[in-house]
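S.K.: Have a peek at model_30.cif (mmCIF, C-alpha atoms and all ligand atoms).
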data_structure
#
loop_
_atom_site.label_atom_id
_atom_site.label_comp_id
_atom_site.auth_asym_id
_atom_site.auth_seq_id
_atom_site.Cartn_x
_atom_site.Cartn_y
_atom_site.Cartn_z
CA MET A 146 0.00 0.00 0.00
CA LYS A 147 1.24 3.50 -0.84
CA ILE A 148 0.31 6.99 0.28
CA THR A 149 -1.07 8.91 -2.68
CA ASP A 150 -2.06 12.24 -1.11
CA ALA A 151 -2.08 14.09 2.22
CA ARG A 152 -4.09 17.23 3.00
CA VAL A 153 -4.77 19.55 5.89
CA PHE A 154 -8.18 21.13 6.65
CA VAL A 155 -9.19 23.95 9.02
CA CYS A 156 -12.76 24.33 10.23
CA SER A 157 -14.33 26.29 13.07
CA PRO A 158 -17.57 24.81 14.44
CA GLY A 159 -17.52 27.16 17.46
CA ARG A 160 -13.75 26.81 17.74
CA ASN A 161 -10.88 26.04 15.37
CA PHE A 162 -9.84 22.50 14.51
CA VAL A 163 -7.03 21.41 12.20
CA THR A 164 -7.38 17.99 10.60
CA VAL A 165 -4.91 15.94 8.56
CA LYS A 166 -6.16 13.36 6.06
CA ILE A 167 -3.84 10.81 4.45
CA TYR A 168 -5.01 8.92 1.34
CA THR A 169 -3.74 5.63 -0.14
CA ASP A 170 -3.89 3.69 -3.37
CA ALA A 171 -6.02 1.09 -1.54
CA GLY A 172 -8.80 3.64 -1.02
CA VAL A 173 -8.46 3.61 2.76
CA TYR A 174 -7.63 6.94 4.47
CA GLY A 175 -6.51 8.04 7.94
CA LEU A 176 -7.36 11.10 10.05
CA GLY A 177 -5.26 13.01 12.57
CA ASP A 178 -5.81 16.08 14.79
CA ALA A 179 -3.26 18.92 14.45
CA THR A 180 -5.11 21.57 16.49
CA LEU A 181 -2.87 23.85 18.60
CA ASN A 182 -5.07 26.37 20.39
CA GLY A 183 -4.25 29.93 19.28
CA ARG A 184 -1.43 28.84 16.93
CA GLU A 185 -3.47 26.79 14.44
CA LEU A 186 -2.17 28.32 11.22
CA ALA A 187 1.48 27.85 12.18
CA VAL A 188 0.84 24.08 12.33
CA VAL A 189 -1.05 24.22 9.02
CA SER A 190 1.95 25.86 7.38
CA TYR A 191 4.39 23.39 8.98
CA LEU A 192 2.36 20.52 7.55
CA GLN A 193 1.53 22.01 4.19
CA ASP A 194 4.81 23.70 3.41
CA HIS A 195 7.22 21.13 4.86
CA LEU A 196 5.83 17.66 5.69
CA LEU A 197 2.86 16.43 3.66
CA ALA A 198 4.62 16.13 0.29
CA CYS A 199 7.28 13.86 1.86
CA LEU A 200 4.56 11.28 2.61
CA ILE A 201 3.68 10.61 -1.03
CA GLY A 202 4.83 7.15 -2.15
CA ARG A 203 5.60 5.95 1.40
CA ASP A 204 4.18 2.74 2.91
CA PRO A 205 1.67 4.04 5.52
CA PHE A 206 2.35 1.01 7.77
CA ASP A 207 5.89 2.28 8.49
CA THR A 208 4.73 4.42 11.43
CA GLU A 209 8.02 4.22 13.35
CA ASP A 210 10.25 5.16 10.43
CA ILE A 211 7.94 7.94 9.24
CA TRP A 212 7.88 9.40 12.77
CA GLN A 213 11.70 9.30 13.01
CA TYR A 214 11.97 10.77 9.50
CA PHE A 215 10.02 13.86 10.54
CA TYR A 216 11.45 14.12 14.08
CA LYS A 217 15.15 13.55 13.39
CA GLY A 218 14.95 14.58 9.75
CA ALA A 219 14.06 18.22 10.46
CA TYR A 220 17.29 18.76 12.42
CA TRP A 221 15.20 21.29 14.47
CA ARG A 222 13.51 19.11 17.08
CA ARG A 223 10.67 19.44 19.59
CA GLY A 224 8.34 22.38 20.26
CA PRO A 225 4.53 22.45 20.12
CA VAL A 226 4.16 23.46 16.45
CA THR A 227 6.55 20.79 15.17
CA MET A 228 5.21 18.07 17.44
CA ALA A 229 1.51 18.84 16.79
CA ALA A 230 2.23 18.52 13.06
CA ILE A 231 4.14 15.23 13.45
CA GLY A 232 1.52 14.04 15.94
CA ALA A 233 -1.34 14.53 13.49
CA ILE A 234 0.46 12.55 10.77
CA ASP A 235 1.31 9.76 13.19
CA MET A 236 -2.28 9.59 14.49
CA ALA A 237 -3.62 9.47 10.92
CA LEU A 238 -1.23 6.62 10.06
CA TRP A 239 -2.35 4.53 13.07
CA ASP A 240 -5.98 5.20 12.12
CA LEU A 241 -5.22 4.14 8.57
CA LYS A 242 -3.37 0.99 9.68
CA GLY A 243 -6.30 -0.02 11.87
CA LYS A 244 -8.78 0.54 9.05
CA ALA A 245 -6.62 -1.37 6.56
CA LEU A 246 -6.37 -4.32 8.99
CA ASN A 247 -10.05 -3.95 9.94
CA THR A 248 -9.26 -3.69 13.66
CA PRO A 249 -9.46 -0.94 16.29
CA VAL A 250 -6.20 0.89 17.01
CA TYR A 251 -6.18 -0.43 20.60
CA ASN A 252 -5.60 -3.93 19.20
CA LEU A 253 -2.37 -2.63 17.66
CA LEU A 254 -1.30 -1.18 21.03
CA GLY A 255 -1.75 -4.27 23.18
CA GLY A 256 -5.48 -4.89 23.14
CA LYS A 257 -7.95 -4.05 25.90
CA SER A 258 -6.53 -3.76 29.43
CA ARG A 259 -9.96 -2.69 30.71
CA HIS A 260 -13.52 -2.58 29.42
CA GLN A 261 -14.30 1.02 30.46
CA ILE A 262 -12.37 4.26 30.77
CA LEU A 263 -12.81 6.40 33.88
CA CYS A 264 -13.20 10.05 32.93
CA TYR A 265 -13.60 13.39 34.65
CA THR A 266 -15.22 16.57 33.49
CA HIS A 267 -15.17 20.19 34.70
CA ALA A 268 -17.33 22.02 37.24
CA ASN A 269 -16.59 25.73 37.08
CA GLY A 270 -18.90 28.09 38.99
CA ARG A 271 -18.36 31.81 39.39
CA ASP A 272 -18.53 31.32 43.16
CA VAL A 273 -18.61 28.40 45.60
CA ALA A 274 -22.42 28.14 45.58
CA GLU A 275 -22.56 27.90 41.78
CA THR A 276 -19.68 25.40 41.76
CA LEU A 277 -21.50 23.18 44.26
CA GLU A 278 -24.61 23.27 42.03
CA LYS A 279 -22.55 22.31 38.98
CA VAL A 280 -20.86 19.42 40.79
CA ALA A 281 -24.29 18.19 41.94
CA ALA A 282 -25.56 18.25 38.33
CA LEU A 283 -22.54 16.22 37.16
CA VAL A 284 -22.89 13.67 39.95
CA GLU A 285 -26.51 13.35 38.83
CA LYS A 286 -25.26 12.47 35.31
CA GLY A 287 -23.15 9.70 36.81
CA TYR A 288 -19.71 11.34 36.90
CA GLN A 289 -17.47 9.73 39.51
CA ALA A 290 -14.67 12.25 39.04
CA VAL A 291 -14.98 16.02 38.70
CA ARG A 292 -12.41 18.79 38.25
CA VAL A 293 -13.53 21.55 40.59
CA GLN A 294 -12.67 25.20 39.85
CA SER A 295 -14.39 28.31 41.15
CA GLY A 296 -14.12 32.08 40.80
CA VAL A 297 -11.96 33.66 43.49
CA PRO A 298 -13.46 36.55 45.51
CA GLY A 299 -11.85 39.81 44.40
CA LEU A 300 -10.71 38.53 40.97
CA GLU A 301 -12.76 39.40 37.87
CA ASN A 302 -12.09 36.65 35.26
CA ILE A 303 -9.92 33.69 36.01
CA TYR A 304 -8.87 30.48 34.31
CA GLY A 305 -11.51 27.84 33.93
CA ILE A 306 -14.61 29.86 34.79
CA ALA A 307 -17.37 30.10 32.18
CA GLU A 308 -19.39 33.21 31.43
CA LYS A 309 -22.93 33.04 32.77
CA GLY A 310 -25.03 30.49 30.92
CA ARG A 311 -22.18 29.41 28.59
CA SER A 312 -19.88 26.41 28.64
CA TYR A 313 -16.23 27.17 29.34
CA GLU A 314 -14.02 27.92 26.33
CA PRO A 315 -10.48 29.13 26.93
CA ALA A 316 -9.79 30.78 23.54
CA LEU A 317 -11.48 34.13 22.88
CA ARG A 318 -12.18 35.55 19.41
CA GLY A 319 -10.16 38.59 18.35
CA ASN A 320 -6.82 39.55 16.88
CA ARG A 321 -4.88 39.58 20.17
CA PRO A 322 -5.10 37.82 23.55
CA ALA A 323 -7.45 39.13 26.23
CA GLU A 324 -5.81 40.06 29.56
CA GLU A 325 -6.83 38.80 32.99
CA VAL A 326 -5.67 39.89 36.46
CA TRP A 327 -4.27 37.32 38.88
CA ASP A 328 -3.56 37.36 42.63
CA THR A 329 -1.99 34.21 44.11
CA ALA A 330 -2.61 35.19 47.75
CA LYS A 331 -6.37 35.46 47.18
CA TYR A 332 -6.39 32.15 45.29
CA LEU A 333 -4.45 30.27 47.97
CA ARG A 334 -6.86 31.46 50.68
CA HIS A 335 -9.88 30.39 48.61
CA VAL A 336 -9.17 26.87 47.33
CA PRO A 337 -8.98 25.01 50.69
CA LYS A 338 -12.35 26.57 51.67
CA LEU A 339 -13.84 25.45 48.37
CA MET A 340 -12.60 21.87 48.82
CA ALA A 341 -13.85 21.71 52.41
CA GLN A 342 -17.36 22.50 51.16
CA ILE A 343 -17.08 19.97 48.32
CA ARG A 344 -16.19 17.15 50.75
CA ASP A 345 -18.87 18.36 53.14
CA GLN A 346 -21.60 18.15 50.51
CA PHE A 347 -20.44 15.19 48.39
CA GLY A 348 -18.61 12.97 50.86
CA GLU A 349 -15.43 10.94 50.32
CA ASP A 350 -16.40 8.78 47.33
CA LEU A 351 -16.32 11.45 44.61
CA HIS A 352 -12.91 11.81 42.92
CA VAL A 353 -12.04 15.50 43.11
CA LEU A 354 -9.42 17.12 40.87
CA HIS A 355 -8.16 20.70 40.70
CA ASP A 356 -6.04 22.65 38.18
CA SER A 357 -3.73 25.45 39.40
CA HIS A 358 -2.83 26.13 35.75
CA HIS A 359 0.89 26.83 36.21
CA ARG A 360 0.34 29.84 38.50
CA LEU A 361 2.25 28.98 41.69
CA THR A 362 5.88 28.87 42.74
CA PRO A 363 7.10 25.53 44.16
CA ILE A 364 6.78 26.70 47.78
CA GLU A 365 3.28 28.07 47.16
CA ALA A 366 2.32 24.78 45.52
CA ALA A 367 3.76 22.92 48.52
CA ARG A 368 1.54 25.00 50.84
CA LEU A 369 -1.56 24.35 48.72
CA GLY A 370 -0.85 20.64 48.43
CA LYS A 371 -0.38 20.40 52.19
CA GLU A 372 -3.56 22.33 52.99
CA LEU A 373 -5.54 20.16 50.58
CA GLU A 374 -4.33 16.88 52.08
CA PRO A 375 -7.38 16.44 54.35
CA PHE A 376 -9.63 16.53 51.25
CA HIS A 377 -7.80 13.70 49.44
CA LEU A 378 -7.66 15.10 45.91
CA PHE A 379 -7.35 12.65 43.01
CA TRP A 380 -4.78 15.12 41.68
CA LEU A 381 -3.52 18.67 41.82
CA GLU A 382 -2.80 19.68 38.23
CA ASP A 383 -0.03 21.96 36.92
CA PRO A 384 0.80 23.50 40.29
CA VAL A 385 3.82 25.28 38.75
CA ALA A 386 5.05 26.03 35.25
CA ALA A 387 7.06 22.90 34.54
CA GLU A 388 9.95 23.96 32.33
CA LEU A 389 12.07 23.56 35.47
CA GLN A 390 11.60 19.88 36.25
CA GLU A 391 13.68 20.15 39.47
CA GLY A 392 11.07 22.57 40.84
CA PHE A 393 8.90 19.58 41.67
CA GLN A 394 11.37 18.22 44.21
CA LEU A 395 10.47 21.02 46.57
CA ILE A 396 6.72 20.43 46.22
CA ARG A 397 7.19 16.69 46.68
CA GLN A 398 9.18 17.10 49.92
CA HIS A 399 6.19 18.78 51.53
CA THR A 400 2.99 17.13 50.37
CA THR A 401 1.34 13.79 49.63
CA THR A 402 -1.30 15.39 47.38
CA PRO A 403 -0.91 13.56 44.03
CA LEU A 404 0.49 15.72 41.21
CA ALA A 405 -0.47 15.75 37.51
CA VAL A 406 1.53 17.56 34.83
CA GLY A 407 2.13 17.60 31.11
CA GLU A 408 -0.60 19.19 29.00
CA VAL A 409 1.94 21.59 27.44
CA PHE A 410 4.67 18.97 27.02
CA ASN A 411 5.68 17.77 23.56
CA THR A 412 8.33 15.11 24.11
CA ILE A 413 9.69 12.69 26.68
CA PHE A 414 12.49 15.19 27.29
CA ASP A 415 9.99 17.56 28.93
CA CYS A 416 9.18 14.99 31.59
CA HIS A 417 11.86 12.31 31.87
CA GLN A 418 13.16 13.66 35.20
CA LEU A 419 9.66 14.16 36.56
CA ILE A 420 9.06 10.50 35.83
CA THR A 421 12.37 8.89 36.77
CA HIS A 422 12.72 10.92 39.99
CA GLN A 423 9.11 10.02 40.87
CA LEU A 424 8.13 13.68 41.22
CA ILE A 425 4.66 13.26 39.65
CA ASP A 426 1.82 10.75 39.78
CA TYR A 427 0.01 11.39 36.48
CA LEU A 428 1.37 12.33 33.05
CA ARG A 429 -0.96 14.58 31.05
CA VAL A 430 0.77 14.70 27.65
CA THR A 431 -1.90 14.36 24.98
CA VAL A 432 -1.59 12.33 21.79
CA SER A 433 -1.64 15.23 19.31
CA HIS A 434 0.70 17.66 21.09
CA GLY A 435 3.01 14.87 22.23
CA GLY A 436 3.83 13.84 18.66
CA GLY A 437 1.32 11.00 18.20
CA LEU A 438 0.75 7.45 19.41
CA THR A 439 4.27 6.34 18.45
CA PRO A 440 5.98 8.45 21.16
CA LEU A 441 3.04 8.33 23.61
CA LYS A 442 3.26 4.56 23.98
CA LYS A 443 6.97 4.98 24.80
CA MET A 444 6.21 7.70 27.37
CA ALA A 445 3.53 5.48 28.92
CA ALA A 446 6.02 2.61 29.11
CA LEU A 447 8.63 4.73 30.89
CA ALA A 448 5.96 6.10 33.23
CA GLU A 449 4.82 2.56 34.06
CA VAL A 450 8.27 1.66 35.37
CA TYR A 451 8.12 4.57 37.85
CA HIS A 452 4.51 4.14 39.07
CA VAL A 453 3.30 7.13 37.06
CA LYS A 454 -0.13 6.75 35.43
CA MET A 455 -1.51 8.31 32.26
CA GLY A 456 -4.07 11.13 32.38
CA CYS A 457 -4.00 12.58 28.85
CA HIS A 458 -5.14 16.15 28.30
CA GLY A 459 -8.64 15.98 26.82
CA ALA A 460 -9.89 19.56 26.67
CA SER A 461 -12.38 20.55 23.97
CA ASP A 462 -9.64 22.40 22.09
CA MET A 463 -8.40 19.13 20.69
CA SER A 464 -10.80 17.57 18.16
CA PRO A 465 -12.72 14.32 18.73
CA ILE A 466 -9.99 12.62 16.65
CA CYS A 467 -7.41 13.34 19.37
CA LEU A 468 -9.82 12.28 22.10
CA ALA A 469 -10.40 8.98 20.28
CA ALA A 470 -6.62 8.46 20.08
CA CYS A 471 -6.31 9.12 23.84
CA LEU A 472 -9.04 6.57 24.51
CA HIS A 473 -7.41 3.87 22.36
CA LEU A 474 -4.15 4.43 24.24
CA GLY A 475 -5.99 4.59 27.56
CA ILE A 476 -7.83 1.33 27.09
CA ALA A 477 -4.62 -0.46 26.02
CA VAL A 478 -1.98 0.54 28.58
CA ASN A 479 -1.83 -1.00 32.05
CA ASN A 480 -0.88 2.27 33.76
CA PHE A 481 -3.99 4.20 32.77
CA GLY A 482 -5.18 6.70 35.39
CA ILE A 483 -8.08 8.80 34.13
CA GLN A 484 -9.17 10.61 30.95
CA GLU A 485 -10.20 14.28 30.88
CA TYR A 486 -13.49 14.60 29.02
CA MET A 487 -14.99 18.02 28.30
CA GLY A 488 -16.93 16.79 25.29
CA HIS A 489 -17.59 18.90 22.19
CA ASN A 490 -20.54 20.97 20.99
CA ASP A 491 -23.23 19.34 18.80
CA LEU A 492 -21.83 20.83 15.62
CA ALA A 493 -18.31 19.52 16.28
CA ASN A 494 -19.76 16.10 17.11
CA GLU A 495 -21.60 16.14 13.76
CA ILE A 496 -18.50 17.17 11.80
CA PHE A 497 -16.38 14.54 13.56
CA PRO A 498 -18.68 11.49 13.90
CA HIS A 499 -17.18 9.12 16.46
CA GLU A 500 -17.70 5.73 18.03
CA TYR A 501 -16.72 6.56 21.65
CA ARG A 502 -19.58 7.25 24.05
CA PHE A 503 -20.07 8.46 27.60
CA GLU A 504 -22.23 6.56 30.05
CA ARG A 505 -22.50 7.08 33.83
CA GLY A 506 -18.96 8.29 34.48
CA PHE A 507 -17.11 6.15 31.94
CA LEU A 508 -16.18 6.32 28.26
CA TYR A 509 -16.53 3.26 26.05
CA LEU A 510 -15.04 2.26 22.70
CA THR A 511 -16.51 -0.12 20.15
CA ASP A 512 -14.64 -2.50 17.86
CA ALA A 513 -14.91 -0.06 14.93
CA PRO A 514 -11.69 -0.17 12.88
CA GLY A 515 -8.95 2.45 13.24
CA LEU A 516 -9.72 5.26 15.67
CA GLY A 517 -13.46 4.93 14.99
CA ILE A 518 -13.87 8.52 13.81
CA ASP A 519 -14.62 10.40 10.59
CA PHE A 520 -14.53 13.98 9.30
CA ASP A 521 -17.00 15.99 7.20
CA GLU A 522 -14.89 18.09 4.84
CA SER A 523 -17.77 20.38 3.88
CA SER A 524 -17.25 22.01 7.31
CA VAL A 525 -14.22 23.83 5.86
CA SER A 526 -16.38 26.09 3.69
CA SER A 527 -19.38 26.23 6.05
CA TYR A 528 -17.34 27.09 9.18
CA PRO A 529 -14.07 28.80 8.19
CA TYR A 530 -11.15 29.65 10.52
CA GLN A 531 -11.82 32.32 13.15
CA GLN A 532 -8.90 34.11 14.77
CA ALA A 533 -8.91 33.40 18.54
CA TYR A 534 -6.33 33.35 21.32
CA LEU A 535 -5.86 32.08 24.84
CA PRO A 536 -5.86 34.96 27.34
CA LEU A 537 -2.79 36.10 29.26
CA SER A 538 -2.44 36.92 32.95
CA ARG A 539 -1.02 39.96 34.75
CA LEU A 540 -0.54 40.48 38.47
CA THR A 541 -2.40 43.41 40.07
CA ASP A 542 0.64 45.68 39.51
CA GLY A 543 0.74 44.80 35.78
CA THR A 544 3.54 42.21 35.87
CA LEU A 545 3.09 39.60 33.15
CA SER A 546 2.46 36.22 34.78
CA ASN A 547 1.56 32.64 33.85
CA TRP A 548 -1.92 32.07 32.39
O1 LIG B 1 -6.13 25.58 29.47
O2 LIG B 1 -6.73 23.27 26.83
O3 LIG B 1 -6.83 20.88 31.95
N1 LIG B 1 -7.16 21.55 31.04
C1 LIG B 1 -6.66 22.76 30.77
C2 LIG B 1 -7.20 23.41 29.53
C3 LIG B 1 -6.18 24.32 28.85
C4 LIG B 1 -6.57 24.51 27.42
C5 LIG B 1 -5.54 25.32 26.66
O4 LIG B 1 -5.84 25.35 25.29
O5 LIG B 1 -5.84 23.25 31.51
O6 LIG B 1 -8.37 24.12 29.84
CO CO B 2 -4.95 21.81 32.82
#
Can you present the structure in this file as structure tokens?

M.R.:
Amino acid sequence: MKITDARVFVCSPGRNFVTVKIYTDAGVYGLGDATLNGRELAVVSYLQDHLLACLIGRDPFDTEDIWQYFYKGAYWRRGPVTMAAIGAIDMALWDLKGKALNTPVYNLLGGKSRHQILCYTHANGRDVAETLEKVAALVEKGYQAVRVQSGVPGLENIYGIAEKGRSYEPALRGNRPAEEVWDTAKYLRHVPKLMAQIRDQFGEDLHVLHDSHHRLTPIEAARLGKELEPFHLFWLEDPVAAELQEGFQLIRQHTTTPLAVGEVFNTIFDCHQLITHQLIDYLRVTVSHGGGLTPLKKMAALAEVYHVKMGCHGASDMSPICLAACLHLGIAVNNFGIQEYMGHNDLANEIFPHEYRFERGFLYLTDAPGLGIDFDESSVSSYPYQQAYLPLSRLTDGTLSNW
């Protein structure tokens, strides 16, 4: 079998998605997600101008060699734009291989290690009362794990909080990023109170997660982790910006709250020390931004050795194709932890028909071949690209901070 064509599509059913499609002389095609929130067109150019033509004539089953060809072959390695582009191609090739062999991708990754995939979704009220209501509604739907965020008294707009009556969407339309004001002291006073009320109302059985979204220093994160210990979080996510892997040693010395990191990582070299020094408990690298299933299965294997479990990033700013890839990996590896599941709007679900489904707190896959997803190309003309960016954060005195 030979690759005959490879194309990239951008559509915006409420938010931008970048999709790679690889065609073969056998008629079977594969789909990959190349969406990088706020930097979509840079990935499109990387694919279109530099990678896709190199695929023509290749055997699509050679996933390892094609991955190495693009990773080592560029000379310039790593980085989110490069790795999202390589990741989409790799994902599309695994999808294609599964379809050609008439088997789900998980069968190519080791088969089923479990029959259902534990997932969590987000509760994000503007204040504690609204957050409690939202958690109650999710528990009603059967969720056994919820990521709990709430507005902080004295701060206007913060990460993770939806506008009234709307579902949360981090990227905002416009030609430059919006700016938010952040105050760590206020936040650190608020979160333990929030978690006390959550445990009070929902008891010990609910798995509770929380995302600090890179905003703390190691010693601040240590304080938060310690103060949250009585509430037994499933994980505390991105307590600090993680370029400095050693920073986690300090957090780890002080708290037994489990730590999850990795949604902005692109390669094993972003997290090898976090894993081998046992500084984290969950690895959140996602399949698209981490360069595809080829490197993700290696990361999962290294993590397994060091008791680290997988918790792939599954926000709605990756398309259903990426979520499907995370689920195939998640069902196959032994060291699966949990899958983030924000879901997508109705339009995105129509444009990307998929076989995975949510039921009472778990996600399920069928035995549909490949990744079990498809893509409606007419969305490109009906819902064209819309410029949108993630916000940025400033401290109250104007200092640029971590969003
Ligand atoms: O801010 O996906 O855990 N989830 C997150 C997300 C990220 C967005 C960035 O595009 O932190 O909401
Ligand atoms: Co996060």

S.K.: Mind checking which residues fall within 12 Å of A:Leu277, counting all atoms listed in the file, ignoring those fewer than 2 positions away in the same chain, and posting them as a list in words?

M.R.: His267, Ala268, Asn269, Gly270, Arg271, Asp272, Val273, Ala274, Glu275, Lys279, Val280, Ala281, Ala282, Leu283, Val284, Val291, Arg292, Val293, Gln294, Ser295, Leu339, Met340, Ala341, Gln342, Ile343, Arg344, Asp345, Gln346 and Phe347 of chain A

S.K.: Create the file for the chosen residues now, containing C-alpha atoms and written as a PDB file, in the coordinates of the input.

M.R.:
ATOM      1  CA  HIS A 267     -15.170  20.190  34.700  1.00  0.00           C
ATOM      2  CA  ALA A 268     -17.330  22.020  37.240  1.00  0.00           C
ATOM      3  CA  ASN A 269     -16.590  25.730  37.080  1.00  0.00           C
ATOM      4  CA  GLY A 270     -18.900  28.090  38.990  1.00  0.00           C
ATOM      5  CA  ARG A 271     -18.360  31.810  39.390  1.00  0.00           C
ATOM      6  CA  ASP A 272     -18.530  31.320  43.160  1.00  0.00           C
ATOM      7  CA  VAL A 273     -18.610  28.400  45.600  1.00  0.00           C
ATOM      8  CA  ALA A 274     -22.420  28.140  45.580  1.00  0.00           C
ATOM      9  CA  GLU A 275     -22.560  27.900  41.780  1.00  0.00           C
ATOM     10  CA  LYS A 279     -22.550  22.310  38.980  1.00  0.00           C
ATOM     11  CA  VAL A 280     -20.860  19.420  40.790  1.00  0.00           C
ATOM     12  CA  ALA A 281     -24.290  18.190  41.940  1.00  0.00           C
ATOM     13  CA  ALA A 282     -25.560  18.250  38.330  1.00  0.00           C
ATOM     14  CA  LEU A 283     -22.540  16.220  37.160  1.00  0.00           C
ATOM     15  CA  VAL A 284     -22.890  13.670  39.950  1.00  0.00           C
ATOM     16  CA  VAL A 291     -14.980  16.020  38.700  1.00  0.00           C
ATOM     17  CA  ARG A 292     -12.410  18.790  38.250  1.00  0.00           C
ATOM     18  CA  VAL A 293     -13.530  21.550  40.590  1.00  0.00           C
ATOM     19  CA  GLN A 294     -12.670  25.200  39.850  1.00  0.00           C
ATOM     20  CA  SER A 295     -14.390  28.310  41.150  1.00  0.00           C
ATOM     21  CA  LEU A 339     -13.840  25.450  48.370  1.00  0.00           C
ATOM     22  CA  MET A 340     -12.600  21.870  48.820  1.00  0.00           C
ATOM     23  CA  ALA A 341     -13.850  21.710  52.410  1.00  0.00           C
ATOM     24  CA  GLN A 342     -17.360  22.500  51.160  1.00  0.00           C
ATOM     25  CA  ILE A 343     -17.080  19.970  48.320  1.00  0.00           C
ATOM     26  CA  ARG A 344     -16.190  17.150  50.750  1.00  0.00           C
ATOM     27  CA  ASP A 345     -18.870  18.360  53.140  1.00  0.00           C
ATOM     28  CA  GLN A 346     -21.600  18.150  50.510  1.00  0.00           C
ATOM     29  CA  PHE A 347     -20.440  15.190  48.390  1.00  0.00           C
TER      30      PHE A 347
END

S.K.: Do you know which residues are at most 6 Å from A:Tyr509 counting only C-alpha atoms, after dropping those on the same chain fewer than 6 positions away, and could you put them as a list in words?

M.R.: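 The filter keeps Gln261, Tyr501 and Arg502 of chain A.
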
S.K.: Residues contacting ligand LIG 1 (chain B) - anything with an atom at most 7 Å away, using only C-alpha atoms and all ligand atoms - can you give me those as an MDAnalysis selection string?

M.R.: chainID A and resid 182 305 315:316 356 358 458 460:462 535

S.K.: Provide the atom CA of A:Ile420 to atom CA of A:Met463 distance in Å, to one decimal place.

M.R.: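 Computing it gives 24.7 Å between the two atoms.
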
S.K.: May I ask which of the residues A:Leu354, A:Ala533, A:Leu516, A:Val525 is the closest one to ligand CO 2 (chain B), counting all atoms listed in the file?

M.R.: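 Using all atoms listed in the file, ligand CO 2 (chain B) sits closest to A:Leu354.
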
S.K.: For A:Leu438, list every protein, DNA or RNA residue within 8 Å, evaluated using all atoms listed in the file, and leave out those in the same chain fewer than 6 positions away; present the list as number ranges by chain.

M.R.: A: 232, 235-236, 239, 432, 470, 474

S.K.: Which residues come within 7 Å of stretch 203-209 of chain A, counting all atoms listed in the file, excluding same-chain residues fewer than 4 positions away, as a VMD selection string?

M.R.: chain A and resid 146 to 148 213 235 238 242 439

S.K.: Please list as a list in words every residue within 9 Å of stretch 395-404 of chain A, counting all atoms listed in the file and excluding residues in the same chain fewer than 5 positions away.

M.R.: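 Counting all atoms listed in the file, the residues come to Pro363, Ile364, Glu365, Ala366, Ala367, Arg368, Leu369, Gly370, Lys371, Glu372, Leu373, Glu374, His377, Leu378, Phe379, Trp380, Leu381, Glu382, Asp383, Pro384, Leu424, Ile425, Asp426, Tyr427 and Leu428 of chain A.
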
S.K.: Could you please take those selected residues and save C-alpha atoms as a PDB file, in the coordinates of the input?

M.R.:
ATOM      1  CA  PRO A 363       7.100  25.530  44.160  1.00  0.00           C
ATOM      2  CA  ILE A 364       6.780  26.700  47.780  1.00  0.00           C
ATOM      3  CA  GLU A 365       3.280  28.070  47.160  1.00  0.00           C
ATOM      4  CA  ALA A 366       2.320  24.780  45.520  1.00  0.00           C
ATOM      5  CA  ALA A 367       3.760  22.920  48.520  1.00  0.00           C
ATOM      6  CA  ARG A 368       1.540  25.000  50.840  1.00  0.00           C
ATOM      7  CA  LEU A 369      -1.560  24.350  48.720  1.00  0.00           C
ATOM      8  CA  GLY A 370      -0.850  20.640  48.430  1.00  0.00           C
ATOM      9  CA  LYS A 371      -0.380  20.400  52.190  1.00  0.00           C
ATOM     10  CA  GLU A 372      -3.560  22.330  52.990  1.00  0.00           C
ATOM     11  CA  LEU A 373      -5.540  20.160  50.580  1.00  0.00           C
ATOM     12  CA  GLU A 374      -4.330  16.880  52.080  1.00  0.00           C
ATOM     13  CA  HIS A 377      -7.800  13.700  49.440  1.00  0.00           C
ATOM     14  CA  LEU A 378      -7.660  15.100  45.910  1.00  0.00           C
ATOM     15  CA  PHE A 379      -7.350  12.650  43.010  1.00  0.00           C
ATOM     16  CA  TRP A 380      -4.780  15.120  41.680  1.00  0.00           C
ATOM     17  CA  LEU A 381      -3.520  18.670  41.820  1.00  0.00           C
ATOM     18  CA  GLU A 382      -2.800  19.680  38.230  1.00  0.00           C
ATOM     19  CA  ASP A 383      -0.030  21.960  36.920  1.00  0.00           C
ATOM     20  CA  PRO A 384       0.800  23.500  40.290  1.00  0.00           C
ATOM     21  CA  LEU A 424       8.130  13.680  41.220  1.00  0.00           C
ATOM     22  CA  ILE A 425       4.660  13.260  39.650  1.00  0.00           C
ATOM     23  CA  ASP A 426       1.820  10.750  39.780  1.00  0.00           C
ATOM     24  CA  TYR A 427       0.010  11.390  36.480  1.00  0.00           C
ATOM     25  CA  LEU A 428       1.370  12.330  33.050  1.00  0.00           C
TER      26      LEU A 428
END

S.K.: Restricting the calculation to all atoms listed in the file: of A:Tyr251, A:Tyr486, A:Trp327, A:Tyr220, which residue gets closest to ligand CO 2 (chain B)?

M.R.: A:Tyr486

S.K.: Which of these residues is nearest to A:Ala405, using all atoms listed in the file: A:Ile483, A:Leu447, A:Pro498, A:Gly456?

M.R.: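 Distance minimum relative to A:Ala405 lands on A:Gly456.
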
S.K.: Hey, can you check how far atom CA of A:Thr248 sits from atom CA of A:Glu500?

M.R.: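 It comes out at 13.4 Å.
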
S.K.: What would the list of residues within 8 Å of (13.2, 20.5, 32.8) (file frame) look like as a ChimeraX atom specification, if only C-alpha atoms are what count?

M.R.: /A:387-391,414-416,418

S.K.: Would you please work out which residue, of A:Thr431, A:Asn252, A:Asn161, A:Gln193, is nearest to ligand CO 2 (chain B) when using only C-alpha atoms and all ligand atoms?

M.R.: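 The shortest atom-to-atom distance to ligand CO 2 (chain B) comes from A:Thr431.
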